[in-house]
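Novice: Provided herewith is a single structure, encoded as structure tokens, for subsequent inquiry.
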Amino acid sequence: MLDDTIAAIATPLGEGGLAVIRISGPQTLAVAEQVFLPVGKNSRKPGEATTHTIHYGKVMRAGQQVDEVLLSVMRAPRTYTREDVVEIACHGGLLSAKTVLDTVLENGARLALPGEFTRRAFLNGRLDLTQAEAVADLIHSRTELALQVANEQLAGKLAQRINQLRDDLMNVLAHVEAHIDFPEEDIAPDTHAQLLQRLERGMAFMEELLRTADEGRILRRGIRAAIVGRPNAGKSSLLNQLLGHDRAIVSPVPGTTRDTIEETANVRGLPVVFVDTAGLREARDEIESEGIRRSHQSLATAEFILHVFDASEPLTAEDETYLTEFAGKKRIIVRNKIDLPVKLTLPALASPEVAKPANQMFSSRPDTVDVSCLTGQGIEQLKDAIKDLVWSGEIKAEMLEAMINSRHQDALSRAHESAVLALAALREGVTLELVAVDLRIAVNAVGEIVGKTSTEDLLDSIFKQFCIGK
Ligand SMILES: Nc1nc2c(ncn2[C@@H]2O[C@H](COP(=O)(O)OP(=O)(O)OP(=O)(O)O)[C@@H](O)[C@H]2O)c(=O)[nH]1
Ligand SMILES: [Mg+2]
């Protein structure tokens, strides 16, 4: 797979100032030589160019000029893929980039698959799997916090920790295996105690990393919040306030919003997808019943809700139905329109005093925040309440250094399970062969995270999430 030469447009499709066509593989310079005509005394043919230099010229196809370009030559191994790489910066029109790419493909390169450049960087040992994933995270980051996490991961901060963990487990495994090979010697009591201690330390570290999974998921994928409440409560006004611009139509007519509207806002560094909903019952026509169906759908996928009340009016029967309907959901109660005289009295809200388990994202008591979507009063407090609801504790710098994703979580959970078994077996003095089996499973699962043990299927599932050209 690494013997061929791949090419793709590395910039987004559309009209722009520039587009970049990237080529990588053993035939890169030969392909570039076929399509590029240097112009001017400082420009060289790709095959004669020194590494990491830029050359002005033309891309030619059947004797015709396709585009005027700048061509960068980067020879292996100091490149993104560790192979020879050429990047051609051409004019950013849909057609010019496509024609330059076609010319390159006609001269010996093949079209790259999504993520194939990064996959090569991984296969050639330039990146480990967590770093490769960080490249995709970096591209998809929607807030600065998410970007910071991606950058730390790309720099190898998570990989360092995982490798250390794997080394520790390997070390215990090596000791255990050594004793299997020399069964006449028992493990000395202090060695035994040391092995137990090392294994416990490894497990504690796994638990620490596993605790970052919820936050890691929120930062990478965002969290969904549905805005609900009776007609005219100010749901669309609230969406607009949270986004900082007028996205949804606001009007004094109840039932203005008939479709669900979805937008991502940056709330204290967290990407929150807010969904403004239409009503939940009483359709007057077909459009409204479709709107209601969509509202219910958004509610089902929302991780929490903002329940909006009109504070300038007494509680209505409809408000009450909504209150009971959402009693089981994580929610924030928003009393809107507090610029007007307040007439609303909320009933005492059920707040079951269940102790919050250490690893649970939400507390069960709903927060109440007073806002005015007319004046903007209370919106900052609402953002704080949202942050407190979805994020357990402070956002600390060291936490951002290593924040696992769901793939890491899955592998670590398996590693932890096996480590628990190995620890119990070692404590109870069960035959060392069994201890070794569980330890081996744990080492392999941890290795999967950085790609020390990986399968084609795993790589396919990771790299297909990339864009073409990356
Ligand atoms: N005084 C005052 N009026 C508000 C406030 N928020 C919203 N309104 C008004 O209330 C009316 C309804 O606001 P919307 O945001 O359209 O309410 P909604 O809940 O989206 O309504 P539907 O989409 O019809 O269900 C509009 O006339 C808004 O200008 C507020 O904080 N103070
Ligand atoms: Mg509305």
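For the structure tokens, the naming scheme is as follows: chains receive sequential letters (A, B, ...) according to their order of presentation, residues are indexed from 1 within each chain, and ligands are indexed from 1 in presentation order.
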What residues have any atom no more than 12 Å from ligand 2 when counting only C-alpha atoms and all ligand atoms, and can you list them as a ChimeraX atom specification?

Specialist: /A:227-240,246-261,275-279,291,295,308

Novice: Which residues come within 9 Å of Pro26 (chain A), counting only C-alpha atoms, excluding same-chain residues fewer than 6 positions away, as a list in words?

Specialist: Leu2, Asp3, Asp4, Thr5, Glu83, Asp84 and Val85 of chain A

Novice: Please produce a file of the residues just selected, as a PDB file, in the first residue's frame, where the atoms kept are all heavy atoms.

Specialist:
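Output below, filename result.pdb:
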ATOM      1  N   LEU A   2       2.049   1.139   0.617  1.00  0.00           N
ATOM      2  CA  LEU A   2       2.897   2.330   0.672  1.00  0.00           C
ATOM      3  C   LEU A   2       3.759   2.481  -0.574  1.00  0.00           C
ATOM      4  O   LEU A   2       4.522   3.426  -0.691  1.00  0.00           O
ATOM      5  CB  LEU A   2       3.782   2.285   1.918  1.00  0.00           C
ATOM      6  CG  LEU A   2       3.029   2.384   3.235  1.00  0.00           C
ATOM      7  CD1 LEU A   2       3.951   2.148   4.412  1.00  0.00           C
ATOM      8  CD2 LEU A   2       2.354   3.747   3.373  1.00  0.00           C
ATOM      9  N   ASP A   3       3.649   1.524  -1.548  1.00  0.00           N
ATOM     10  CA  ASP A   3       4.502   1.649  -2.734  1.00  0.00           C
ATOM     11  C   ASP A   3       3.933   2.632  -3.727  1.00  0.00           C
ATOM     12  O   ASP A   3       4.617   3.032  -4.656  1.00  0.00           O
ATOM     13  CB  ASP A   3       4.657   0.321  -3.505  1.00  0.00           C
ATOM     14  CG  ASP A   3       4.656  -0.870  -2.610  1.00  0.00           C
ATOM     15  OD1 ASP A   3       5.116  -0.704  -1.466  1.00  0.00           O
ATOM     16  OD2 ASP A   3       4.186  -1.938  -3.038  1.00  0.00           O
ATOM     17  N   ASP A   4       2.662   2.970  -3.607  1.00  0.00           N
ATOM     18  CA  ASP A   4       2.131   3.870  -4.629  1.00  0.00           C
ATOM     19  C   ASP A   4       2.121   5.306  -4.139  1.00  0.00           C
ATOM     20  O   ASP A   4       2.380   5.598  -2.969  1.00  0.00           O
ATOM     21  CB  ASP A   4       0.747   3.411  -5.114  1.00  0.00           C
ATOM     22  CG  ASP A   4      -0.244   3.285  -3.989  1.00  0.00           C
ATOM     23  OD1 ASP A   4       0.161   3.501  -2.827  1.00  0.00           O
ATOM     24  OD2 ASP A   4      -1.403   2.964  -4.253  1.00  0.00           O
ATOM     25  N   THR A   5       1.825   6.193  -5.070  1.00  0.00           N
ATOM     26  CA  THR A   5       1.890   7.622  -4.787  1.00  0.00           C
ATOM     27  C   THR A   5       0.483   8.185  -4.817  1.00  0.00           C
ATOM     28  O   THR A   5      -0.287   7.898  -5.741  1.00  0.00           O
ATOM     29  CB  THR A   5       2.807   8.292  -5.831  1.00  0.00           C
ATOM     30  OG1 THR A   5       4.115   7.784  -5.627  1.00  0.00           O
ATOM     31  CG2 THR A   5       2.809   9.799  -5.689  1.00  0.00           C
ATOM     32  N   GLU A  83       7.365  10.545   3.639  1.00  0.00           N
ATOM     33  CA  GLU A  83       7.691  10.186   2.268  1.00  0.00           C
ATOM     34  C   GLU A  83       8.038  11.470   1.522  1.00  0.00           C
ATOM     35  O   GLU A  83       7.878  12.563   2.075  1.00  0.00           O
ATOM     36  CB  GLU A  83       6.469   9.544   1.589  1.00  0.00           C
ATOM     37  CG  GLU A  83       5.944   8.336   2.315  1.00  0.00           C
ATOM     38  CD  GLU A  83       4.630   7.820   1.719  1.00  0.00           C
ATOM     39  OE1 GLU A  83       3.838   8.626   1.171  1.00  0.00           O
ATOM     40  OE2 GLU A  83       4.399   6.623   1.809  1.00  0.00           O
ATOM     41  N   ASP A  84       8.478  11.355   0.258  1.00  0.00           N
ATOM     42  CA  ASP A  84       8.627  12.556  -0.555  1.00  0.00           C
ATOM     43  C   ASP A  84       7.249  13.200  -0.707  1.00  0.00           C
ATOM     44  O   ASP A  84       6.265  12.512  -0.983  1.00  0.00           O
ATOM     45  CB  ASP A  84       9.159  12.196  -1.955  1.00  0.00           C
ATOM     46  CG  ASP A  84      10.649  11.857  -1.936  1.00  0.00           C
ATOM     47  OD1 ASP A  84      11.328  12.223  -0.947  1.00  0.00           O
ATOM     48  OD2 ASP A  84      11.121  11.226  -2.904  1.00  0.00           O
ATOM     49  N   VAL A  85       7.194  14.516  -0.494  1.00  0.00           N
ATOM     50  CA  VAL A  85       5.919  15.228  -0.608  1.00  0.00           C
ATOM     51  C   VAL A  85       6.099  16.450  -1.503  1.00  0.00           C
ATOM     52  O   VAL A  85       7.112  17.145  -1.409  1.00  0.00           O
ATOM     53  CB  VAL A  85       5.414  15.697   0.778  1.00  0.00           C
ATOM     54  CG1 VAL A  85       4.211  16.630   0.644  1.00  0.00           C
ATOM     55  CG2 VAL A  85       5.048  14.508   1.660  1.00  0.00           C
TER      56      VAL A  85
END

Novice: If DSSP is run on the backbone, what residues of region 18-67 of chain A are strand (DSSP E or B)? A reply as a ChimeraX atom specification would be ideal.

Specialist: /A:18-24,36-38,53-61,64-67

Novice: Measure the distance from CA of Asn124 (chain A) to CA of Lys464 (chain A) in Å and round it to one decimal.

Specialist: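 Interatomic distance, CA of Asn124 (chain A) to CA of Lys464 (chain A): 18.3 Å.
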
Novice: Fewer than 5 positions away in the same chain doesn't count, so skip those; otherwise give me all residues within 8 Å of region 170-176 of chain A, counting only C-alpha atoms, as a list in words.

Specialist: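 Once the nearby chain positions are removed, what remains is Leu195, Arg198, Leu199, Leu432, Val435, Ala436, Leu439, Arg440 and Val443 of chain A.
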
Novice: For the selection you just gave me, I'd like the residues written to a file as a PDB file, in the first residue's frame, keeping C-alpha atoms.

Specialist:
ATOM      1  CA  LEU A 195       4.415  -6.104  41.860  1.00  0.00           C
ATOM      2  CA  ARG A 198       2.959  -1.351  40.695  1.00  0.00           C
ATOM      3  CA  LEU A 199      -0.195  -2.941  39.356  1.00  0.00           C
ATOM      4  CA  LEU A 432       1.130 -17.305  37.582  1.00  0.00           C
ATOM      5  CA  VAL A 435      -1.977 -13.764  36.031  1.00  0.00           C
ATOM      6  CA  ALA A 436       0.138 -13.488  32.902  1.00  0.00           C
ATOM      7  CA  LEU A 439      -1.779  -8.913  32.200  1.00  0.00           C
ATOM      8  CA  ARG A 440      -1.090  -9.637  28.544  1.00  0.00           C
ATOM      9  CA  VAL A 443      -0.946  -4.559  27.963  1.00  0.00           C
TER      10      VAL A 443
END

Novice: List every residue of region 12-254 of chain A that DSSP, applied to the backbone, labels as alpha helix (DSSP H), and write the result as a PDB file with C-alpha atoms, in the first residue's frame.

Specialist:
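Okay, this is what ended up in selection14.pdb:
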ATOM      1  CA  THR A  28       6.111  12.052  -6.073  1.00  0.00           C
ATOM      2  CA  LEU A  29       9.031  13.845  -7.690  1.00  0.00           C
ATOM      3  CA  ALA A  30       8.664  11.907 -10.953  1.00  0.00           C
ATOM      4  CA  VAL A  31       4.962  12.787 -11.116  1.00  0.00           C
ATOM      5  CA  ALA A  32       5.663  16.442 -10.350  1.00  0.00           C
ATOM      6  CA  GLU A  33       8.387  16.481 -12.996  1.00  0.00           C
ATOM      7  CA  GLN A  34       5.792  15.405 -15.616  1.00  0.00           C
ATOM      8  CA  VAL A  35       3.287  18.139 -14.844  1.00  0.00           C
ATOM      9  CA  LEU A  94     -13.248  24.780  -8.243  1.00  0.00           C
ATOM     10  CA  LEU A  95     -12.151  24.028 -11.772  1.00  0.00           C
ATOM     11  CA  SER A  96      -8.475  25.004 -11.557  1.00  0.00           C
ATOM     12  CA  ALA A  97      -7.789  22.849  -8.489  1.00  0.00           C
ATOM     13  CA  LYS A  98      -9.712  19.942 -10.007  1.00  0.00           C
ATOM     14  CA  THR A  99      -7.821  20.220 -13.314  1.00  0.00           C
ATOM     15  CA  VAL A 100      -4.419  20.362 -11.592  1.00  0.00           C
ATOM     16  CA  LEU A 101      -5.409  17.276  -9.572  1.00  0.00           C
ATOM     17  CA  ASP A 102      -6.595  15.445 -12.703  1.00  0.00           C
ATOM     18  CA  THR A 103      -3.291  16.248 -14.417  1.00  0.00           C
ATOM     19  CA  VAL A 104      -1.397  14.826 -11.435  1.00  0.00           C
ATOM     20  CA  LEU A 105      -3.588  11.693 -11.446  1.00  0.00           C
ATOM     21  CA  GLU A 106      -3.009  11.185 -15.188  1.00  0.00           C
ATOM     22  CA  GLU A 116      -4.595   8.533   3.926  1.00  0.00           C
ATOM     23  CA  PHE A 117      -1.779  11.086   4.312  1.00  0.00           C
ATOM     24  CA  THR A 118      -2.121  10.933   8.086  1.00  0.00           C
ATOM     25  CA  ARG A 119      -2.432   7.156   7.943  1.00  0.00           C
ATOM     26  CA  ARG A 120       0.932   7.056   6.183  1.00  0.00           C
ATOM     27  CA  ALA A 121       2.385   9.371   8.812  1.00  0.00           C
ATOM     28  CA  PHE A 122       1.235   6.794  11.367  1.00  0.00           C
ATOM     29  CA  LEU A 123       2.446   3.740   9.422  1.00  0.00           C
ATOM     30  CA  LEU A 129      -2.527   6.796  16.892  1.00  0.00           C
ATOM     31  CA  THR A 130      -3.483   9.347  19.541  1.00  0.00           C
ATOM     32  CA  GLN A 131      -1.551  12.007  17.623  1.00  0.00           C
ATOM     33  CA  ALA A 132      -3.207  10.998  14.355  1.00  0.00           C
ATOM     34  CA  GLU A 133      -6.603  11.328  16.041  1.00  0.00           C
ATOM     35  CA  ALA A 134      -5.524  14.714  17.364  1.00  0.00           C
ATOM     36  CA  VAL A 135      -5.053  15.905  13.780  1.00  0.00           C
ATOM     37  CA  ALA A 136      -8.736  15.187  13.090  1.00  0.00           C
ATOM     38  CA  ASP A 137      -9.742  16.755  16.426  1.00  0.00           C
ATOM     39  CA  LEU A 138      -7.737  19.865  15.584  1.00  0.00           C
ATOM     40  CA  ILE A 139      -9.531  20.269  12.271  1.00  0.00           C
ATOM     41  CA  HIS A 140     -12.942  19.749  13.888  1.00  0.00           C
ATOM     42  CA  GLU A 144     -10.378  27.219  21.918  1.00  0.00           C
ATOM     43  CA  LEU A 145     -10.492  24.671  24.744  1.00  0.00           C
ATOM     44  CA  ALA A 146     -11.088  21.878  22.259  1.00  0.00           C
ATOM     45  CA  LEU A 147      -8.233  23.217  20.159  1.00  0.00           C
ATOM     46  CA  GLN A 148      -5.951  23.251  23.190  1.00  0.00           C
ATOM     47  CA  VAL A 149      -6.765  19.619  23.986  1.00  0.00           C
ATOM     48  CA  ALA A 150      -6.101  18.645  20.366  1.00  0.00           C
ATOM     49  CA  ASN A 151      -2.767  20.481  20.389  1.00  0.00           C
ATOM     50  CA  GLU A 152      -1.617  18.829  23.621  1.00  0.00           C
ATOM     51  CA  GLN A 153      -2.557  15.450  22.204  1.00  0.00           C
ATOM     52  CA  LEU A 154      -0.777  16.189  18.928  1.00  0.00           C
ATOM     53  CA  LYS A 157       1.127  14.426  25.983  1.00  0.00           C
ATOM     54  CA  LEU A 158      -1.496  11.674  26.070  1.00  0.00           C
ATOM     55  CA  ALA A 159       0.809   9.251  24.240  1.00  0.00           C
ATOM     56  CA  GLN A 160       3.548   9.790  26.844  1.00  0.00           C
ATOM     57  CA  ARG A 161       1.184   8.848  29.641  1.00  0.00           C
ATOM     58  CA  ILE A 162      -0.165   5.822  27.806  1.00  0.00           C
ATOM     59  CA  ASN A 163       3.329   4.600  26.948  1.00  0.00           C
ATOM     60  CA  GLN A 164       4.407   4.981  30.568  1.00  0.00           C
ATOM     61  CA  LEU A 165       1.369   2.989  31.684  1.00  0.00           C
ATOM     62  CA  ARG A 166       2.104   0.285  29.137  1.00  0.00           C
ATOM     63  CA  ASP A 167       5.762   0.093  30.227  1.00  0.00           C
ATOM     64  CA  ASP A 168       4.709  -0.315  33.862  1.00  0.00           C
ATOM     65  CA  LEU A 169       2.312  -3.124  33.009  1.00  0.00           C
ATOM     66  CA  MET A 170       4.935  -4.786  30.785  1.00  0.00           C
ATOM     67  CA  ASN A 171       7.386  -4.633  33.636  1.00  0.00           C
ATOM     68  CA  VAL A 172       4.991  -6.492  35.946  1.00  0.00           C
ATOM     69  CA  LEU A 173       4.274  -8.973  33.166  1.00  0.00           C
ATOM     70  CA  ALA A 174       8.000  -9.573  32.593  1.00  0.00           C
ATOM     71  CA  HIS A 175       8.500 -10.380  36.279  1.00  0.00           C
ATOM     72  CA  VAL A 176       5.554 -12.731  36.310  1.00  0.00           C
ATOM     73  CA  GLU A 177       6.721 -14.487  33.149  1.00  0.00           C
ATOM     74  CA  ALA A 178      10.238 -14.848  34.515  1.00  0.00           C
ATOM     75  CA  HIS A 179       8.826 -16.772  37.459  1.00  0.00           C
ATOM     76  CA  ILE A 180       6.759 -18.961  35.187  1.00  0.00           C
ATOM     77  CA  ASP A 181       9.991 -19.931  33.420  1.00  0.00           C
ATOM     78  CA  PRO A 189       7.799 -11.594  49.423  1.00  0.00           C
ATOM     79  CA  ASP A 190       9.075  -8.067  48.828  1.00  0.00           C
ATOM     80  CA  THR A 191       9.070  -8.532  45.031  1.00  0.00           C
ATOM     81  CA  HIS A 192       5.510  -9.800  45.338  1.00  0.00           C
ATOM     82  CA  ALA A 193       4.531  -6.705  47.323  1.00  0.00           C
ATOM     83  CA  GLN A 194       6.248  -4.489  44.763  1.00  0.00           C
ATOM     84  CA  LEU A 195       4.415  -6.104  41.860  1.00  0.00           C
ATOM     85  CA  LEU A 196       1.076  -5.639  43.613  1.00  0.00           C
ATOM     86  CA  GLN A 197       1.919  -2.021  44.270  1.00  0.00           C
ATOM     87  CA  ARG A 198       2.959  -1.351  40.695  1.00  0.00           C
ATOM     88  CA  LEU A 199      -0.195  -2.941  39.356  1.00  0.00           C
ATOM     89  CA  GLU A 200      -2.354  -0.921  41.757  1.00  0.00           C
ATOM     90  CA  ARG A 201      -0.609   2.261  40.692  1.00  0.00           C
ATOM     91  CA  GLY A 202      -1.263   1.427  37.037  1.00  0.00           C
ATOM     92  CA  MET A 203      -4.926   0.831  37.768  1.00  0.00           C
ATOM     93  CA  ALA A 204      -5.268   4.079  39.683  1.00  0.00           C
ATOM     94  CA  PHE A 205      -3.791   5.857  36.687  1.00  0.00           C
ATOM     95  CA  MET A 206      -6.267   4.158  34.340  1.00  0.00           C
ATOM     96  CA  GLU A 207      -9.108   5.298  36.594  1.00  0.00           C
ATOM     97  CA  GLU A 208      -7.803   8.848  36.517  1.00  0.00           C
ATOM     98  CA  LEU A 209      -7.752   8.850  32.722  1.00  0.00           C
ATOM     99  CA  LEU A 210     -11.178   7.199  32.513  1.00  0.00           C
ATOM    100  CA  ALA A 213     -13.917  10.630  29.190  1.00  0.00           C
ATOM    101  CA  ASP A 214     -17.138  12.618  29.672  1.00  0.00           C
ATOM    102  CA  GLU A 215     -15.373  15.933  29.388  1.00  0.00           C
ATOM    103  CA  GLY A 216     -13.332  14.707  26.438  1.00  0.00           C
ATOM    104  CA  ARG A 217     -16.510  13.759  24.633  1.00  0.00           C
ATOM    105  CA  ILE A 218     -18.134  17.119  25.338  1.00  0.00           C
ATOM    106  CA  LEU A 219     -15.115  19.067  24.107  1.00  0.00           C
ATOM    107  CA  ARG A 220     -14.812  17.025  20.936  1.00  0.00           C
ATOM    108  CA  ARG A 221     -18.415  16.471  19.968  1.00  0.00           C
ATOM    109  CA  LYS A 235     -37.383  30.308  23.501  1.00  0.00           C
ATOM    110  CA  SER A 236     -36.254  31.756  20.185  1.00  0.00           C
ATOM    111  CA  SER A 237     -35.209  35.002  21.897  1.00  0.00           C
ATOM    112  CA  LEU A 238     -33.100  32.919  24.286  1.00  0.00           C
ATOM    113  CA  LEU A 239     -31.460  31.040  21.413  1.00  0.00           C
ATOM    114  CA  ASN A 240     -30.559  34.351  19.786  1.00  0.00           C
ATOM    115  CA  GLN A 241     -29.117  35.695  23.048  1.00  0.00           C
ATOM    116  CA  LEU A 242     -26.975  32.589  23.581  1.00  0.00           C
ATOM    117  CA  LEU A 243     -25.682  32.701  20.015  1.00  0.00           C
TER     118      LEU A 243
END

Novice: Given only C-alpha atoms and all ligand atoms as the basis, pick out the residue of A:Pro341, A:Gly40, A:Gly57, A:Pro347 nearest to ligand 1.

Specialist: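 Closest residue, counting only C-alpha atoms and all ligand atoms: A:Pro341.
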